[in-house]
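Listing of target07.cif, mmCIF, C-alpha atoms
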data_final
loop_
_atom_site.group_PDB
_atom_site.id
_atom_site.type_symbol
_atom_site.label_atom_id
_atom_site.label_comp_id
_atom_site.auth_asym_id
_atom_site.auth_seq_id
_atom_site.Cartn_x
_atom_site.Cartn_y
_atom_site.Cartn_z
ATOM 1 C CA PHE E 206 -2.352 19.884 2.044
ATOM 2 C CA MET E 207 -5.048 17.284 2.135
ATOM 3 C CA PRO E 208 -4.245 15.306 5.293
ATOM 4 C CA ILE E 209 -3.341 11.657 4.820
ATOM 5 C CA THR E 210 -3.586 8.801 7.279
ATOM 6 C CA LEU E 211 -0.727 6.359 7.731
ATOM 7 C CA ARG E 212 -0.749 2.951 9.429
ATOM 8 C CA PHE E 213 2.764 2.045 10.552
ATOM 9 C CA CYS E 214 4.282 -1.411 11.041
ATOM 10 C CA ASP E 215 3.347 -1.368 14.741
ATOM 11 C CA ASN E 216 -0.303 -0.841 13.652
ATOM 12 C CA LYS E 217 -0.389 2.713 15.034
ATOM 13 C CA THR E 218 -2.040 5.322 12.848
ATOM 14 C CA MET E 219 -1.247 8.985 12.356
ATOM 15 C CA LEU E 220 -2.961 11.811 10.520
ATOM 16 C CA VAL E 221 -0.358 13.826 8.593
ATOM 17 C CA GLY E 222 -1.344 17.232 7.284
ATOM 18 C CA SER E 223 1.860 19.262 7.316
ATOM 19 C CA VAL E 224 5.573 18.976 6.731
ATOM 20 C CA ALA E 225 6.097 19.133 10.503
ATOM 21 C CA ASP E 226 3.730 16.154 10.880
ATOM 22 C CA ALA E 227 5.628 14.348 8.118
ATOM 23 C CA GLU E 228 8.892 14.914 9.984
ATOM 24 C CA THR E 229 7.356 13.288 13.067
ATOM 25 C CA ALA E 230 5.888 10.430 11.006
ATOM 26 C CA LEU E 231 9.286 9.618 9.505
ATOM 27 C CA ARG E 232 10.460 8.636 12.999
ATOM 28 C CA HIS E 233 7.796 5.913 13.282
ATOM 29 C CA GLN E 234 8.100 2.286 12.114
ATOM 30 C CA TRP E 235 8.198 2.072 8.306
ATOM 31 C CA PRO E 236 8.617 -1.151 6.315
ATOM 32 C CA ASP E 237 11.926 -0.020 4.735
ATOM 33 C CA LYS E 238 13.733 3.057 5.984
ATOM 34 C CA THR E 239 16.648 2.259 3.655
ATOM 35 C CA ALA E 240 14.561 2.537 0.455
ATOM 36 C CA PRO E 241 15.812 5.293 -1.863
ATOM 37 C CA ALA E 242 12.352 6.929 -2.018
ATOM 38 C CA PHE E 243 12.157 7.007 1.795
ATOM 39 C CA LEU E 244 15.617 8.550 2.096
ATOM 40 C CA GLU E 245 14.771 11.167 -0.541
ATOM 41 C CA ALA E 246 11.473 12.022 1.158
ATOM 42 C CA ALA E 247 13.242 12.343 4.514
ATOM 43 C CA ARG E 248 15.827 14.648 2.936
ATOM 44 C CA LEU E 249 13.193 16.843 1.303
ATOM 45 C CA VAL E 250 11.102 17.040 4.491
ATOM 46 C CA ARG E 251 14.198 18.087 6.464
ATOM 47 C CA LEU E 252 15.065 20.739 3.858
ATOM 48 C CA SER E 253 11.491 22.001 3.906
ATOM 49 C CA VAL E 254 11.513 22.330 7.687
ATOM 50 C CA GLU E 255 14.781 24.264 7.355
ATOM 51 C CA GLY E 256 13.152 26.501 4.728
ATOM 52 C CA SER E 257 15.204 25.550 1.676
ATOM 53 C CA CYS E 258 12.677 23.279 -0.070
ATOM 54 C CA CYS E 259 9.102 23.849 -1.176
ATOM 55 C CA PRO E 260 6.732 22.240 1.373
ATOM 56 C CA ARG E 261 4.484 20.872 -1.402
ATOM 57 C CA THR E 262 7.424 19.075 -3.044
ATOM 58 C CA ALA E 263 8.445 17.553 0.281
ATOM 59 C CA PHE E 264 4.904 16.495 1.176
ATOM 60 C CA GLU E 265 4.343 14.932 -2.249
ATOM 61 C CA ALA E 266 7.565 12.908 -1.930
ATOM 62 C CA PHE E 267 6.509 11.860 1.569
ATOM 63 C CA SER E 268 3.038 10.796 0.390
ATOM 64 C CA LYS E 269 4.508 8.895 -2.562
ATOM 65 C CA THR E 270 6.880 6.858 -0.410
ATOM 66 C CA ALA E 271 4.093 6.104 2.079
ATOM 67 C CA ARG E 272 1.968 4.797 -0.793
ATOM 68 C CA GLN E 273 4.886 2.766 -2.212
ATOM 69 C CA GLN E 274 5.530 1.175 1.178
ATOM 70 C CA GLY E 275 1.872 0.314 1.654
ATOM 71 C CA ILE E 276 1.253 2.342 4.802
ATOM 72 C CA LEU E 277 -1.065 4.950 3.285
ATOM 73 C CA VAL E 278 -4.612 4.307 4.465
ATOM 74 C CA ALA E 279 -6.997 4.714 1.548
ATOM 75 C CA LYS E 280 -9.977 6.849 2.432
ATOM 76 C CA PRO E 281 -13.162 6.644 0.415
ATOM 77 C CA ARG E 282 -13.872 9.803 -1.540
ATOM 78 C CA SER E 283 -16.376 12.074 0.121
ATOM 79 C CA ARG E 284 -19.591 13.177 -1.552
ATOM 80 C CA ALA E 285 -18.128 16.693 -1.606
ATOM 81 C CA HIS E 286 -15.298 15.497 -3.891
ATOM 82 C CA ASP E 287 -17.824 13.943 -6.257
ATOM 83 C CA TRP E 288 -19.875 17.147 -6.260
ATOM 84 C CA LEU E 289 -16.813 19.301 -6.967
ATOM 85 C CA ASP E 290 -15.670 16.992 -9.759
ATOM 86 C CA ALA E 291 -19.143 17.169 -11.323
ATOM 87 C CA ALA E 292 -19.218 20.959 -11.007
ATOM 88 C CA ALA E 293 -15.781 21.316 -12.587
ATOM 89 C CA GLY E 294 -16.464 18.872 -15.403
ATOM 90 C CA PRO E 295 -17.616 19.739 -18.928
#

Just dump the structure as structure tokens.
Amino acid sequence: FMPITLRFCDNKTMLVGSVADAETALRHQWPDKTAPAFLEAARLVRLSVEGSCCPRTAFEAFSKTARQQGILVAKPRSRAHDWLDAAAGP
């Protein structure tokens, strides 16, 4: 996965690049741990750690809820991304 950076309610940051990292991050301070998207992401991350859910599905749900709750730190795109997009384009 492409690692993502989160900034929690206590202003601490964490780089999350795996489902195991996501499991740890879910224990930090989130704006709303009762939100349906958060609960679903937590469920999918747990299932992924147990081996009964695709890690990509769990990580995507985790990333989506982090974005929805406003704790995903936006990183500027690197020059490498721009180069790859240009190379892949028509």

Inset, instruction - Could you give me, as a ChimeraX atom specification, the residues within 6 Å of region 263-280 of chain E, counting only C-alpha atoms and dropping anything in the same chain fewer than 3 positions from it? - result: /E:210-213,242-243,246,249-250,260

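Minimum atom-to-atom distance to Trp235 (chain E), evaluated using all atoms listed in the file, belongs to E:Lys217 out of E:Leu289, E:Glu255, E:Phe206, E:Lys217.
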
Legend entry - Selection as a list in words: residues within 12 Å of (10.1, 11.5, 12.4), counting all atoms listed in the file: Met219, Val221, Val224, Ala225, Asp226, Ala227, Glu228, Thr229, Ala230, Leu231, Arg232, His233, Gln234, Trp235, Lys238, Phe243, Ala246, Ala247, Arg248, Val250, Arg251, Val254 and Phe267 of chain E

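Shortest atom-to-atom contact with Asp215 (chain E) among E:Pro236, E:Ser253, E:Pro241, E:Ala292: E:Pro236, counting all atoms listed in the file.
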
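Nearest-residue note for Met207 (chain E): choosing from E:Leu244, E:Cys258, E:Leu220, E:Ala293, the minimum distance belongs to E:Leu220, counting all atoms listed in the file.
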
First collect every listed atom of region 224-229 of chain E; then fit an axis-aligned box around them, widen it by 5 Å on each side, and give centre and edge lengths in Å to one decimal, as lines of an AutoDock Vina configuration file.
center_x = 6.3
center_y = 16.2
center_z = 9.9
size_x = 15.2
size_y = 15.8
size_z = 16.3

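The gap separating CA of Thr262 (chain E) from CA of Ala291 (chain E) is 27.9 Å, in Å to one decimal.
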
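For the atom pair formed by CA of Arg261 (chain E) and CA of Ser223 (chain E), the distance is 9.2 Å, given to one decimal.
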
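Take CA of Asp287 (chain E) and CA of Pro208 (chain E): the distance between them is 17.9 Å.
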